[in-house]
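Novice: First the structure, which I've put down as structure tokens, then a few questions once you've had a look.
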Amino acid sequence: MANDLLHTEREFQDFLDAHLGQELLRFTTAGSVDDGKSTLIGRLLHDTKSVYEDQLAAVKKSRVNRAANGHVDFSLLTDGLKAEREQGITIDVAYRYFSTSRRKFIIADTPGHEQYTRNMATGASTADVAVVLIDAKAFLREGKLLPQSRRHTYIASLLGIPHVVAAVNKMDIVGYSQETFQAIRAEFVELASRLGLKSVTTIPVSALEGDNVVTPSTNMTWYDGPTLLEFLETVPLLMNEPLGPLRFPVQLVQRPDASFRGFAGQVARGVLRAGERVRALPSGRETTVSRIVTWDGDLPVAAYPQSVTVELEDEIDLSRGEMLVAASAEEEGNLPQASRHVRAMVVWMHEEPLVVGRTYIAKHTTRTVRATVKAIRYRVDVATLEHGATRQLAMNEIAEIELETNLPLFFDPYEESRTTGSMILIDSLTNATVGAAMITGASKALDDTANGAPALVLLPGRPAIAERLREQMEAHGYRAVVIDDDLIPEESLVAVIRALDLAGVTAITSRALASDAVDGLVHAVSGFTQRGVLRGDELDDEKVLEIAGGVQ
Amino acid sequence: MSSAIADDATTLLTPKRLNHLQALEAESIAIMREAVAEFARPVMLYSIGKDSSVMLRLAQKAFYPGKIPFPLLHVDTSYKFPEMISFRDAYTKEIGAELIVHRNEEAIAAGANPYTLGTQNCCGLLKTRSLLDGLAEGGFDAAFGGARRDEEKSRAKERVYSFRDSAGQWDPKNQRPELWSLYNSRLRKGESIRVFPLSNWTELDIWLYLYAEKIPIVPLYFAQERPLIVRGGQMTLYHDGMKLLPGEEIRTEKVRMRSLGCLPCTGAMRSEADTLPKIIEELLTFRRSERENRAIDHDEEGSMEVKKREGYF
Ligand SMILES: Nc1nc2c(ncn2[C@@H]2O[C@H](COP(=O)(O)OP(=O)(O)O)[C@@H](O)[C@H]2O)c(=O)[nH]1
Ligand SMILES: [Mg+2]
């Protein structure tokens with residue numbers, strides 16, 4: 001918040017221009033409990049004049065004060081829940097906002113307690129920068145970085161935060177010692193390089209006294225790097241460097257009237273251009289972007305993370321959960337991977353453990369699928385970064401797993417793209433969000449088109465035989481799914497069958513469809529598949545199993 | 001936001017960077033579209049205030065060139081400023097939005113008011129109860145709200161998708177983790193989600209956006225000579241038919257409202273700011289937070305958290 005009165009019209013106009021031109025940076029704090037995260041944020045807010053008098057007054061008269069030397073306890077500015085103020089700890093992620101003339105900042109203040117690691121991952125998932133606090137005094141006491149600092153630095157790397165800053169805090173109680181800072185810095189840089197972090201900075205600070213937070217320290221003249229705020233104001237923003245190939249997951253089909261059919265979505269990666277040839281996934285159909293429509297007028301070009309509506313030249317089938325990519329993607333070798341078998345790093349977030357064999361609901365871009373855990377490849381010991389075997393994953397544990405989904409996903413490795421490489425896992429009974437998954441790749445090269453098996457088998461009203469057929473086909477090495485899931489609405493059937501067909505999977509349905517719907521479906525599927533459609537409604541069980549079950 | 005990209009032919013190949021309002025706008029639009037795609041029956045809680053005005057514009061943008069695909073629900077306590085009601089009716093009509101007005105007629109008829117009940121109880125009956133009833137009546141499984149995390153400490157903990165149990169209550173200690181922009185919309189019968197597309201906007205962002213987008217707002221936000229009385233230490237706007245208490249007298253001052261709630265519980269502030277630029281300028285010199293003029297928040301420490309647990313917005 002600017003402090004000074006803006007005297008003239010001109011000054012005000014300059015101010016508006018500056019504020020309307022600001023960039024947005026999101027950062028998260030991490031570190032062990034009591035390292036001073038909340039105090040640091042309180043200090044940032046206070047020293048950038050982002051705290052209102054009544055808020056400050058409430059903090060000053062609070063019954064709780066854990067700050068030394070009669071200082072105001074700035075952590076009370078961010079610890080918002082009653083239990084937090086009373087216990088003096090941060091339980092949940094709190095979001096804070098402030099701005100300077102250069103940037104607007106969104107801070108995710110996350111808890112340091114081990115049991116809240118999932119919240120750290122939450123704050124980290126959208127952050128451009130992670131500020132990892134390291135308590136200099138605790139380092140001297142332990143002779144090494146605390147396990148929680150290591151864990152959080154690892155999570156920052158796992159969640160792909162582009163820049164990591166170590167704020168070496170409480171320099172005031174280690175006599176502002178350069179030697180102590182250097183020792184911590186050396187260990188942190190070593191850890192960071194082991195984790196493959198690309199952008200790492202270390203800054204000595206005192207959150208309590210304010211050294212090097214906003215104001216350069218007069219107690220540490222040996223340090224000539226930026227203050228924390230300076231760093232945050234100037235670090236390059238990935239958001240504004242739209243790199244990589246186009247990915248446009250469709251959120252909604254907009255059909256206000258017969259004359260308009262548009263595909264609404266947020267550019268997840270790369271750049272979308274009017275006039276450009278694009279390819280729809282999974283259908284593979286190509287067409288041209290005729291318009292990029294927004295309320296503010298058509299755009300010639302839209303980039304991540306803009307929300308737009310795309311109009312296409314040809315009437316192609318495209319619906320929610322599907323994706324537009326550049327038509328040149330295949331040639332350029334940058335198509336997203338399409339597979340029902342994915343490998344992913346997962347942070348488990350629920351008391352109920354992850355178990356091999358269980359099926360969860362997975363949400364990836366705008367597509368919701370069922371995902372069965374096929375295997376846990378290894379669990380990561382966060383303190384040592386060593387890999388170990390396990391059959392289960394408890395809350396706050398991290399592992400690489402293999403998933404099989406009922407529909408193919410179109411993804412990029414998380415390392416390349418946070419938007420098209422991330423997934424959440426949801427418990428299908430309780431609906432709790434139980435896991436955060438970062439895709440590492442396709443797990444097997446299984447997805448070559450199966451020959452011989454039909455693309456679609458229709459068995460209206462016969463769920464038992466549908467299931468038997470699926471089992472028999474799988475036993476013969478074919479892949480088949482029963483698509484009677486309530487997650488798939490009738491109007492999406494064609495799109496789903498096509499996606500499965502592309503992945504070489506046979507779709508089986510026992511839905512009771514109206515006869516014209518059956519005809520429509522058969523017609524539509526015959527239009528795109530190289531394989532056949534089997535109408536089981538005229539055949540008895542044995543015949544169905546004979547024809548489709550043991551396909552040669 | 002008219003995009004910075006459109007202006008310049010030489011930028012055709014490299015799109016310009018987004019400024020923070022454009023980034024916020026893109027995020028809010030994506031949130032609204034996602035909710036419309038995934039919920040059976042969404043509704044927008046329309047409070048007529050500045051945040052609602054921004055939210056409404058974002059909804060227009062999100063579904064352009066189509067119409068807003070959900071109704072607006074206004075919970076009318078019967079204590080709203082008359083200017084708010086006339087603005088509501090005229091503006092929603094102008095943009096062609098479907099408006100539902102819900103009132104807790106029973107409590108209103110029984111004379112519920114903040115003076116005899118206290119603000120907590122009055123809000124409980126006329127806002128929270130009425131809101132829950134309105135949502136249940138419409139069978140809404142998702143409700144967009146204009147709350148921002150920078151408004152108040154307990155709001156800073158809110159998710160974008162805030163889960164409510166079948167009694168409409170919020171459990172701050174047991175919130176679903178929310179990662180990336182992947183929102184979990186799965187519900188069981190009777191449960192619902194409050195969706196907060198403005199979560200990451202600040203008060204200043206709202207004003208800057210209102211200015212940049214030329215969005216109409218209720219005239220009460222602009223300073224003007226207005227009749228008022230001083231009641232409970234706060235300047236309360238006077239309107240026809242209001243009963244004066246002993247010792248109270250009507251006087252006229254140049255005032256405006258910083259936030260709009262119910263007439264008896266929202267105080268006016270002295271101000272010269274009668275244009276958006278002046279309001280923004282004034283905001284920058286404020287040393288006090290926006291909800292301070294609202295009686296609802298300072299009955300007791302943490303009172304907003306208590307109200308939210310019960311189902312208040
Ligand atoms: N001496 C000193 N104490 C600090 C500093 N920063 C934080 N503290 C104290 O460390 C304790 C924990 O701080 P808090 O911000 O709650 O830590 P968090 O758990 O990481 O959020 C409190 O008593 C703070 O007053 C610092 O720079 N110097
Ligand atoms: Mg804390």
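Chain labels A, B, ... are given in the sequence in which chains occur in the structure tokens; within each chain residues are numbered consecutively from 1, and ligands are likewise numbered from 1 in the order shown.
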Please give the complete set of residues from stretch 255-355 of chain A that DSSP, run on the backbone, assigns to helix (DSSP H, G or I), formatted as a PDB file with all heavy atoms, in the first residue's frame.
Specialist:
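The result, stored in part.pdb:
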ATOM      1  N   ALA A 329       2.185 -30.446 -33.899  1.00  0.00           N
ATOM      2  CA  ALA A 329       2.811 -31.070 -32.725  1.00  0.00           C
ATOM      3  C   ALA A 329       3.455 -32.412 -33.050  1.00  0.00           C
ATOM      4  O   ALA A 329       4.520 -32.747 -32.537  1.00  0.00           O
ATOM      5  CB  ALA A 329       1.783 -31.220 -31.605  1.00  0.00           C
ATOM      6  N   GLU A 330       2.794 -33.178 -33.923  1.00  0.00           N
ATOM      7  CA  GLU A 330       3.329 -34.506 -34.202  1.00  0.00           C
ATOM      8  C   GLU A 330       4.685 -34.404 -34.898  1.00  0.00           C
ATOM      9  O   GLU A 330       5.651 -35.039 -34.499  1.00  0.00           O
ATOM     10  CB  GLU A 330       2.331 -35.297 -35.048  1.00  0.00           C
ATOM     11  CG  GLU A 330       2.786 -36.727 -35.253  1.00  0.00           C
ATOM     12  CD  GLU A 330       1.621 -37.652 -35.557  1.00  0.00           C
ATOM     13  OE1 GLU A 330       0.578 -37.155 -36.027  1.00  0.00           O
ATOM     14  OE2 GLU A 330       1.778 -38.861 -35.333  1.00  0.00           O
ATOM     15  N   GLU A 331       4.696 -33.540 -35.937  1.00  0.00           N
ATOM     16  CA  GLU A 331       5.949 -33.327 -36.653  1.00  0.00           C
ATOM     17  C   GLU A 331       7.058 -32.856 -35.719  1.00  0.00           C
ATOM     18  O   GLU A 331       8.198 -33.286 -35.806  1.00  0.00           O
ATOM     19  CB  GLU A 331       5.754 -32.196 -37.671  1.00  0.00           C
ATOM     20  CG  GLU A 331       5.767 -32.599 -39.114  1.00  0.00           C
ATOM     21  CD  GLU A 331       5.162 -31.480 -39.930  1.00  0.00           C
ATOM     22  OE1 GLU A 331       5.787 -30.395 -39.946  1.00  0.00           O
ATOM     23  OE2 GLU A 331       4.059 -31.668 -40.488  1.00  0.00           O
ATOM     24  N   GLU A 332       6.685 -31.929 -34.861  1.00  0.00           N
ATOM     25  CA  GLU A 332       7.691 -31.341 -33.977  1.00  0.00           C
ATOM     26  C   GLU A 332       8.006 -32.240 -32.797  1.00  0.00           C
ATOM     27  O   GLU A 332       8.847 -31.917 -31.958  1.00  0.00           O
ATOM     28  CB  GLU A 332       7.207 -29.971 -33.484  1.00  0.00           C
ATOM     29  CG  GLU A 332       7.244 -28.940 -34.588  1.00  0.00           C
ATOM     30  CD  GLU A 332       6.431 -27.694 -34.263  1.00  0.00           C
ATOM     31  OE1 GLU A 332       6.018 -27.540 -33.089  1.00  0.00           O
ATOM     32  OE2 GLU A 332       6.209 -26.894 -35.178  1.00  0.00           O
TER      33      GLU A 332
END
Novice: Give me the residues within 12 Å of stretch 107-111 of chain B as a ChimeraX atom specification, counting only C-alpha atoms and dropping any in the same chain fewer than 4 places off.
Specialist: /B:76-79,102-103,115-117,121-127,129-130
Novice: Which residues form the shell of 8 Å around ligand 1 when you count only C-alpha atoms and all ligand atoms, given as a short mmCIF file (atom, residue, chain, number, x, y, z; two decimals) with N, CA, C and O atoms, in the first residue's frame?
Specialist:
data_model
loop_
_atom_site.label_atom_id
_atom_site.label_comp_id
_atom_site.auth_asym_id
_atom_site.auth_seq_id
_atom_site.Cartn_x
_atom_site.Cartn_y
_atom_site.Cartn_z
N ALA A 30 8.09 -22.08 3.96
CA ALA A 30 8.26 -23.44 4.43
C ALA A 30 9.37 -23.44 5.46
O ALA A 30 10.13 -22.49 5.57
N GLY A 31 9.45 -24.55 6.18
CA GLY A 31 10.48 -24.65 7.21
C GLY A 31 9.89 -25.31 8.43
O GLY A 31 8.68 -25.60 8.47
N SER A 32 10.72 -25.56 9.42
CA SER A 32 10.27 -26.25 10.62
C SER A 32 9.40 -25.32 11.46
O SER A 32 9.43 -24.11 11.29
N VAL A 33 8.66 -25.94 12.38
CA VAL A 33 7.85 -25.14 13.28
C VAL A 33 8.77 -24.24 14.10
O VAL A 33 9.89 -24.65 14.45
N ASP A 34 8.36 -23.04 14.32
CA ASP A 34 9.11 -22.05 15.11
C ASP A 34 10.35 -21.48 14.42
O ASP A 34 11.15 -20.81 15.06
N ASP A 35 10.51 -21.76 13.15
CA ASP A 35 11.62 -21.14 12.43
C ASP A 35 11.36 -19.66 12.20
O ASP A 35 12.28 -18.91 11.89
N GLY A 36 10.09 -19.27 12.33
CA GLY A 36 9.77 -17.84 12.21
C GLY A 36 9.02 -17.48 10.94
O GLY A 36 9.04 -16.33 10.51
N LYS A 37 8.33 -18.44 10.36
CA LYS A 37 7.62 -18.17 9.10
C LYS A 37 6.54 -17.11 9.27
O LYS A 37 6.47 -16.14 8.51
N SER A 38 5.69 -17.31 10.28
CA SER A 38 4.60 -16.35 10.47
C SER A 38 5.15 -14.97 10.82
O SER A 38 4.63 -13.95 10.38
N THR A 39 6.20 -14.96 11.64
CA THR A 39 6.81 -13.67 12.01
C THR A 39 7.37 -12.97 10.78
O THR A 39 7.21 -11.76 10.61
N LEU A 40 8.00 -13.73 9.91
CA LEU A 40 8.59 -13.15 8.70
C LEU A 40 7.51 -12.52 7.82
O LEU A 40 7.68 -11.40 7.32
N ASN A 65 1.75 -13.27 23.46
CA ASN A 65 2.87 -12.64 22.78
C ASN A 65 4.11 -13.50 23.00
O ASN A 65 4.58 -13.65 24.11
N ARG A 66 4.63 -14.07 21.92
CA ARG A 66 5.78 -14.95 22.05
C ARG A 66 7.05 -14.30 21.54
O ARG A 66 8.08 -14.94 21.43
N ALA A 67 6.96 -13.02 21.19
CA ALA A 67 8.14 -12.36 20.65
C ALA A 67 9.04 -11.86 21.78
O ALA A 67 8.58 -11.45 22.83
N ALA A 68 10.36 -11.93 21.54
CA ALA A 68 11.33 -11.52 22.55
C ALA A 68 11.50 -10.00 22.58
O ALA A 68 11.01 -9.30 21.70
N HIS A 71 9.03 -7.01 21.59
CA HIS A 71 8.60 -6.76 20.22
C HIS A 71 7.13 -7.11 20.04
O HIS A 71 6.59 -7.96 20.74
N ASP A 73 4.31 -9.17 18.43
CA ASP A 73 4.34 -10.52 17.89
C ASP A 73 3.66 -10.54 16.52
O ASP A 73 2.45 -10.69 16.40
N PHE A 74 4.47 -10.38 15.48
CA PHE A 74 3.91 -10.26 14.12
C PHE A 74 3.24 -11.54 13.64
O PHE A 74 2.44 -11.51 12.72
N SER A 75 3.58 -12.68 14.27
CA SER A 75 2.99 -13.93 13.79
C SER A 75 1.47 -13.90 14.00
O SER A 75 0.74 -14.58 13.30
N GLY A 88 -0.53 -21.07 19.51
CA GLY A 88 0.65 -20.42 18.96
C GLY A 88 1.26 -21.17 17.79
O GLY A 88 2.46 -21.10 17.54
N ILE A 89 0.47 -21.94 17.06
CA ILE A 89 1.00 -22.62 15.88
C ILE A 89 0.09 -22.38 14.69
O ILE A 89 -1.06 -21.98 14.85
N THR A 90 0.60 -22.64 13.52
CA THR A 90 -0.18 -22.49 12.30
C THR A 90 -0.74 -23.85 11.91
O THR A 90 0.00 -24.81 11.76
N PRO A 111 1.90 -24.42 7.43
CA PRO A 111 2.30 -24.92 8.73
C PRO A 111 3.59 -25.74 8.67
O PRO A 111 3.85 -26.41 7.67
N GLY A 112 4.36 -25.71 9.74
CA GLY A 112 5.62 -26.44 9.76
C GLY A 112 5.52 -27.83 10.37
O GLY A 112 6.37 -28.67 10.14
N LEU A 133 12.51 -21.21 5.43
CA LEU A 133 13.16 -20.60 6.58
C LEU A 133 14.06 -21.59 7.28
O LEU A 133 13.70 -22.75 7.46
N ASN A 169 17.16 -17.37 9.20
CA ASN A 169 16.48 -16.45 10.13
C ASN A 169 17.12 -16.46 11.52
O ASN A 169 17.93 -17.32 11.84
N LYS A 170 16.69 -15.50 12.32
CA LYS A 170 17.15 -15.32 13.70
C LYS A 170 18.64 -15.01 13.77
O LYS A 170 19.34 -15.40 14.69
N MET A 171 19.12 -14.30 12.72
CA MET A 171 20.53 -13.92 12.71
C MET A 171 20.86 -13.05 13.93
O MET A 171 21.99 -13.02 14.37
N ASP A 172 19.84 -12.37 14.49
CA ASP A 172 20.07 -11.52 15.66
C ASP A 172 20.56 -12.32 16.86
O ASP A 172 21.37 -11.84 17.65
N ILE A 173 20.10 -13.57 17.01
CA ILE A 173 20.55 -14.32 18.19
C ILE A 173 21.78 -15.18 17.93
O ILE A 173 22.23 -15.91 18.79
N VAL A 205 18.59 -13.18 7.41
CA VAL A 205 17.57 -12.22 7.86
C VAL A 205 17.32 -12.32 9.37
O VAL A 205 17.71 -13.29 10.01
N SER A 206 16.68 -11.31 9.90
CA SER A 206 16.04 -11.42 11.21
C SER A 206 14.61 -10.93 11.04
O SER A 206 14.38 -9.75 10.82
N ALA A 207 13.69 -11.87 11.12
CA ALA A 207 12.28 -11.51 10.96
C ALA A 207 11.84 -10.62 12.11
O ALA A 207 11.07 -9.67 11.93
N LEU A 208 12.38 -10.90 13.29
CA LEU A 208 11.99 -10.15 14.47
C LEU A 208 12.47 -8.70 14.38
O LEU A 208 11.72 -7.77 14.62
N GLU A 209 13.73 -8.51 14.01
CA GLU A 209 14.31 -7.16 13.98
C GLU A 209 14.13 -6.48 12.63
O GLU A 209 14.30 -5.27 12.52
N GLY A 210 13.84 -7.25 11.61
CA GLY A 210 13.60 -6.67 10.30
C GLY A 210 14.80 -6.62 9.38
O GLY A 210 14.72 -6.08 8.27
#
Novice: Neighbouring residues of A:Arg26 were defined as those with any atom within 9 Å, considering only C-alpha atoms; residues of the same chain fewer than 2 positions away were excluded. Please report them as JSON, numbers by chain.
Specialist: {"A": [24, 28, 104, 105, 106, 107, 108, 126, 127, 128, 129, 130]}
Novice: May I have the residues from that selection written out with all heavy atoms, as a PDB file, in the first residue's frame?
Specialist:
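Dumped everything to out24.pdb:
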ATOM      1  N   LEU A  24       1.951 -10.406 -11.014  1.00  0.00           N
ATOM      2  CA  LEU A  24       1.482 -11.165  -9.852  1.00  0.00           C
ATOM      3  C   LEU A  24       2.488 -12.259  -9.537  1.00  0.00           C
ATOM      4  O   LEU A  24       2.820 -13.059 -10.402  1.00  0.00           O
ATOM      5  CB  LEU A  24       0.128 -11.773 -10.223  1.00  0.00           C
ATOM      6  CG  LEU A  24      -0.620 -12.573  -9.168  1.00  0.00           C
ATOM      7  CD1 LEU A  24      -0.961 -11.692  -7.986  1.00  0.00           C
ATOM      8  CD2 LEU A  24      -1.900 -13.130  -9.774  1.00  0.00           C
ATOM      9  N   THR A  28       5.413 -19.174  -1.324  1.00  0.00           N
ATOM     10  CA  THR A  28       4.987 -19.929  -0.164  1.00  0.00           C
ATOM     11  C   THR A  28       6.126 -19.966   0.833  1.00  0.00           C
ATOM     12  O   THR A  28       7.289 -19.826   0.457  1.00  0.00           O
ATOM     13  CB  THR A  28       4.573 -21.364  -0.567  1.00  0.00           C
ATOM     14  OG1 THR A  28       4.045 -22.034   0.571  1.00  0.00           O
ATOM     15  CG2 THR A  28       5.748 -22.161  -1.113  1.00  0.00           C
ATOM     16  N   LYS A 104       2.375  -7.384  -7.242  1.00  0.00           N
ATOM     17  CA  LYS A 104       1.413  -7.823  -6.246  1.00  0.00           C
ATOM     18  C   LYS A 104       1.817  -9.229  -5.805  1.00  0.00           C
ATOM     19  O   LYS A 104       2.206 -10.050  -6.638  1.00  0.00           O
ATOM     20  CB  LYS A 104       0.014  -7.861  -6.846  1.00  0.00           C
ATOM     21  CG  LYS A 104      -0.954  -8.568  -5.899  1.00  0.00           C
ATOM     22  CD  LYS A 104      -2.345  -8.726  -6.429  1.00  0.00           C
ATOM     23  CE  LYS A 104      -3.060  -9.734  -5.535  1.00  0.00           C
ATOM     24  NZ  LYS A 104      -4.455  -9.433  -5.342  1.00  0.00           N
ATOM     25  N   PHE A 105       1.733  -9.473  -4.507  1.00  0.00           N
ATOM     26  CA  PHE A 105       2.171 -10.758  -3.978  1.00  0.00           C
ATOM     27  C   PHE A 105       1.028 -11.528  -3.322  1.00  0.00           C
ATOM     28  O   PHE A 105       0.198 -10.940  -2.626  1.00  0.00           O
ATOM     29  CB  PHE A 105       3.272 -10.549  -2.937  1.00  0.00           C
ATOM     30  CG  PHE A 105       4.493  -9.883  -3.503  1.00  0.00           C
ATOM     31  CD1 PHE A 105       4.654  -8.506  -3.394  1.00  0.00           C
ATOM     32  CD2 PHE A 105       5.458 -10.622  -4.160  1.00  0.00           C
ATOM     33  CE1 PHE A 105       5.770  -7.878  -3.927  1.00  0.00           C
ATOM     34  CE2 PHE A 105       6.580 -10.006  -4.697  1.00  0.00           C
ATOM     35  CZ  PHE A 105       6.735  -8.628  -4.582  1.00  0.00           C
ATOM     36  N   ILE A 106       1.023 -12.827  -3.579  1.00  0.00           N
ATOM     37  CA  ILE A 106       0.124 -13.718  -2.850  1.00  0.00           C
ATOM     38  C   ILE A 106       1.011 -14.671  -2.062  1.00  0.00           C
ATOM     39  O   ILE A 106       1.854 -15.363  -2.638  1.00  0.00           O
ATOM     40  CB  ILE A 106      -0.780 -14.537  -3.800  1.00  0.00           C
ATOM     41  CG1 ILE A 106      -1.602 -13.597  -4.690  1.00  0.00           C
ATOM     42  CG2 ILE A 106      -1.675 -15.475  -3.011  1.00  0.00           C
ATOM     43  CD1 ILE A 106      -2.535 -14.320  -5.644  1.00  0.00           C
ATOM     44  N   ILE A 107       0.829 -14.668  -0.748  1.00  0.00           N
ATOM     45  CA  ILE A 107       1.650 -15.537   0.092  1.00  0.00           C
ATOM     46  C   ILE A 107       0.799 -16.686   0.601  1.00  0.00           C
ATOM     47  O   ILE A 107      -0.293 -16.468   1.119  1.00  0.00           O
ATOM     48  CB  ILE A 107       2.146 -14.813   1.360  1.00  0.00           C
ATOM     49  CG1 ILE A 107       2.598 -13.393   1.034  1.00  0.00           C
ATOM     50  CG2 ILE A 107       3.238 -15.613   2.033  1.00  0.00           C
ATOM     51  CD1 ILE A 107       2.879 -12.589   2.284  1.00  0.00           C
ATOM     52  N   ALA A 108       1.308 -17.901   0.484  1.00  0.00           N
ATOM     53  CA  ALA A 108       0.683 -19.019   1.172  1.00  0.00           C
ATOM     54  C   ALA A 108       1.538 -19.300   2.393  1.00  0.00           C
ATOM     55  O   ALA A 108       2.670 -19.755   2.273  1.00  0.00           O
ATOM     56  CB  ALA A 108       0.615 -20.234   0.257  1.00  0.00           C
ATOM     57  N   THR A 126       1.048 -23.947  -6.301  1.00  0.00           N
ATOM     58  CA  THR A 126       0.847 -22.806  -7.197  1.00  0.00           C
ATOM     59  C   THR A 126       1.953 -21.752  -7.078  1.00  0.00           C
ATOM     60  O   THR A 126       1.862 -20.698  -7.707  1.00  0.00           O
ATOM     61  CB  THR A 126      -0.498 -22.110  -6.902  1.00  0.00           C
ATOM     62  OG1 THR A 126      -0.577 -21.871  -5.501  1.00  0.00           O
ATOM     63  CG2 THR A 126      -1.670 -22.973  -7.322  1.00  0.00           C
ATOM     64  N   ALA A 127       2.965 -22.037  -6.256  1.00  0.00           N
ATOM     65  CA  ALA A 127       3.948 -20.988  -5.958  1.00  0.00           C
ATOM     66  C   ALA A 127       4.994 -20.826  -7.054  1.00  0.00           C
ATOM     67  O   ALA A 127       5.418 -21.785  -7.675  1.00  0.00           O
ATOM     68  CB  ALA A 127       4.631 -21.292  -4.632  1.00  0.00           C
ATOM     69  N   ASP A 128       5.399 -19.563  -7.270  1.00  0.00           N
ATOM     70  CA  ASP A 128       6.509 -19.261  -8.163  1.00  0.00           C
ATOM     71  C   ASP A 128       7.833 -19.322  -7.396  1.00  0.00           C
ATOM     72  O   ASP A 128       8.878 -19.545  -7.975  1.00  0.00           O
ATOM     73  CB  ASP A 128       6.375 -17.832  -8.723  1.00  0.00           C
ATOM     74  CG  ASP A 128       5.075 -17.632  -9.473  1.00  0.00           C
ATOM     75  OD1 ASP A 128       4.865 -18.336 -10.465  1.00  0.00           O
ATOM     76  OD2 ASP A 128       4.255 -16.792  -9.050  1.00  0.00           O
ATOM     77  N   VAL A 129       7.735 -19.035  -6.100  1.00  0.00           N
ATOM     78  CA  VAL A 129       8.925 -18.994  -5.260  1.00  0.00           C
ATOM     79  C   VAL A 129       8.617 -19.683  -3.940  1.00  0.00           C
ATOM     80  O   VAL A 129       7.519 -19.520  -3.394  1.00  0.00           O
ATOM     81  CB  VAL A 129       9.336 -17.523  -4.947  1.00  0.00           C
ATOM     82  CG1 VAL A 129      10.502 -17.472  -3.964  1.00  0.00           C
ATOM     83  CG2 VAL A 129       9.691 -16.757  -6.223  1.00  0.00           C
ATOM     84  N   ALA A 130       9.563 -20.470  -3.411  1.00  0.00           N
ATOM     85  CA  ALA A 130       9.435 -20.993  -2.056  1.00  0.00           C
ATOM     86  C   ALA A 130      10.465 -20.298  -1.184  1.00  0.00           C
ATOM     87  O   ALA A 130      11.635 -20.220  -1.556  1.00  0.00           O
ATOM     88  CB  ALA A 130       9.687 -22.494  -2.037  1.00  0.00           C
TER      89      ALA A 130
END
Novice: Can you work out which one of A:Val505, A:Met473, A:Ala302, A:Ala442 has the shortest atom-to-atom distance to chain B, counting only C-alpha atoms?
Specialist: A:Ala302
Novice: Any chance you could list, as a ChimeraX atom specification, the residues in stretch 335-518 of chain A that come up strand (DSSP E) when DSSP is run on the backbone?
Specialist: /A:337-348,354-355,359-364,367-380,387-388,392-393,398-411,422-426,433-442,456-458,480-482,506-509
Novice: Excluding stretch 500-504 of chain A and any residue of its chain fewer than 4 positions from it, enumerate the residues within 10 Å of it, using only C-alpha atoms, and give them as a count of residues only.
Specialist: 32
Novice: List the spatial neighbours of A:Ala192 as a PyMOL selection string - criterion: any atom at most 12 Å away, only C-alpha atoms, same-chain residues fewer than 6 positions off excluded.
Specialist: chain A and resi 132+149-158+163-166+185-186+198-202
Novice: I want to know what sits within 7 Å of stretch 30-37 of chain B, based on only C-alpha atoms, with residues of the same chain fewer than 3 positions away left out; could you give that as a list in words?
Specialist: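 Non-adjacent residues within range: Gln251, Leu252, Gly265, Gln266 and Ser307 of chain A; Ala26, Glu27, Pro42, Ala62 and Pro197 of chain B.
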Novice: Could the residues in this selection be saved with N, CA, C and O atoms as a short mmCIF file (atom, residue, chain, number, x, y, z; two decimals), in the first residue's frame?
Specialist:
data_model
loop_
_atom_site.label_atom_id
_atom_site.label_comp_id
_atom_site.auth_asym_id
_atom_site.auth_seq_id
_atom_site.Cartn_x
_atom_site.Cartn_y
_atom_site.Cartn_z
N GLN A 251 -12.95 -26.77 -21.19
CA GLN A 251 -13.72 -26.77 -19.95
C GLN A 251 -15.20 -26.93 -20.23
O GLN A 251 -15.91 -27.64 -19.56
N LEU A 252 -15.67 -26.19 -21.22
CA LEU A 252 -17.10 -26.09 -21.47
C LEU A 252 -17.33 -25.86 -22.95
O LEU A 252 -16.55 -25.15 -23.58
N GLY A 265 -12.07 -22.37 -22.28
CA GLY A 265 -11.03 -22.99 -21.47
C GLY A 265 -9.93 -22.01 -21.16
O GLY A 265 -9.94 -20.86 -21.61
N GLN A 266 -8.99 -22.48 -20.36
CA GLN A 266 -7.84 -21.67 -19.99
C GLN A 266 -6.63 -22.29 -20.69
O GLN A 266 -6.43 -23.51 -20.61
N SER A 307 -7.95 -17.08 -20.01
CA SER A 307 -9.22 -17.79 -20.19
C SER A 307 -9.92 -17.22 -21.41
O SER A 307 -10.22 -16.02 -21.44
N ALA B 26 -8.34 -13.99 -15.29
CA ALA B 26 -8.27 -15.30 -15.97
C ALA B 26 -8.54 -16.43 -14.98
O ALA B 26 -9.25 -17.39 -15.29
N GLU B 27 -7.98 -16.29 -13.79
CA GLU B 27 -8.18 -17.33 -12.77
C GLU B 27 -9.64 -17.39 -12.35
O GLU B 27 -10.24 -18.47 -12.26
N PRO B 42 -25.76 -24.59 -9.90
CA PRO B 42 -25.08 -23.49 -9.23
C PRO B 42 -25.94 -22.23 -9.14
O PRO B 42 -26.91 -22.08 -9.91
N ALA B 62 -17.13 -14.76 -18.44
CA ALA B 62 -16.84 -16.20 -18.48
C ALA B 62 -17.72 -16.91 -19.50
O ALA B 62 -17.29 -17.86 -20.13
N PRO B 197 -14.70 -17.23 -6.35
CA PRO B 197 -13.82 -16.89 -7.46
C PRO B 197 -12.93 -15.68 -7.19
O PRO B 197 -11.92 -15.49 -7.86
#
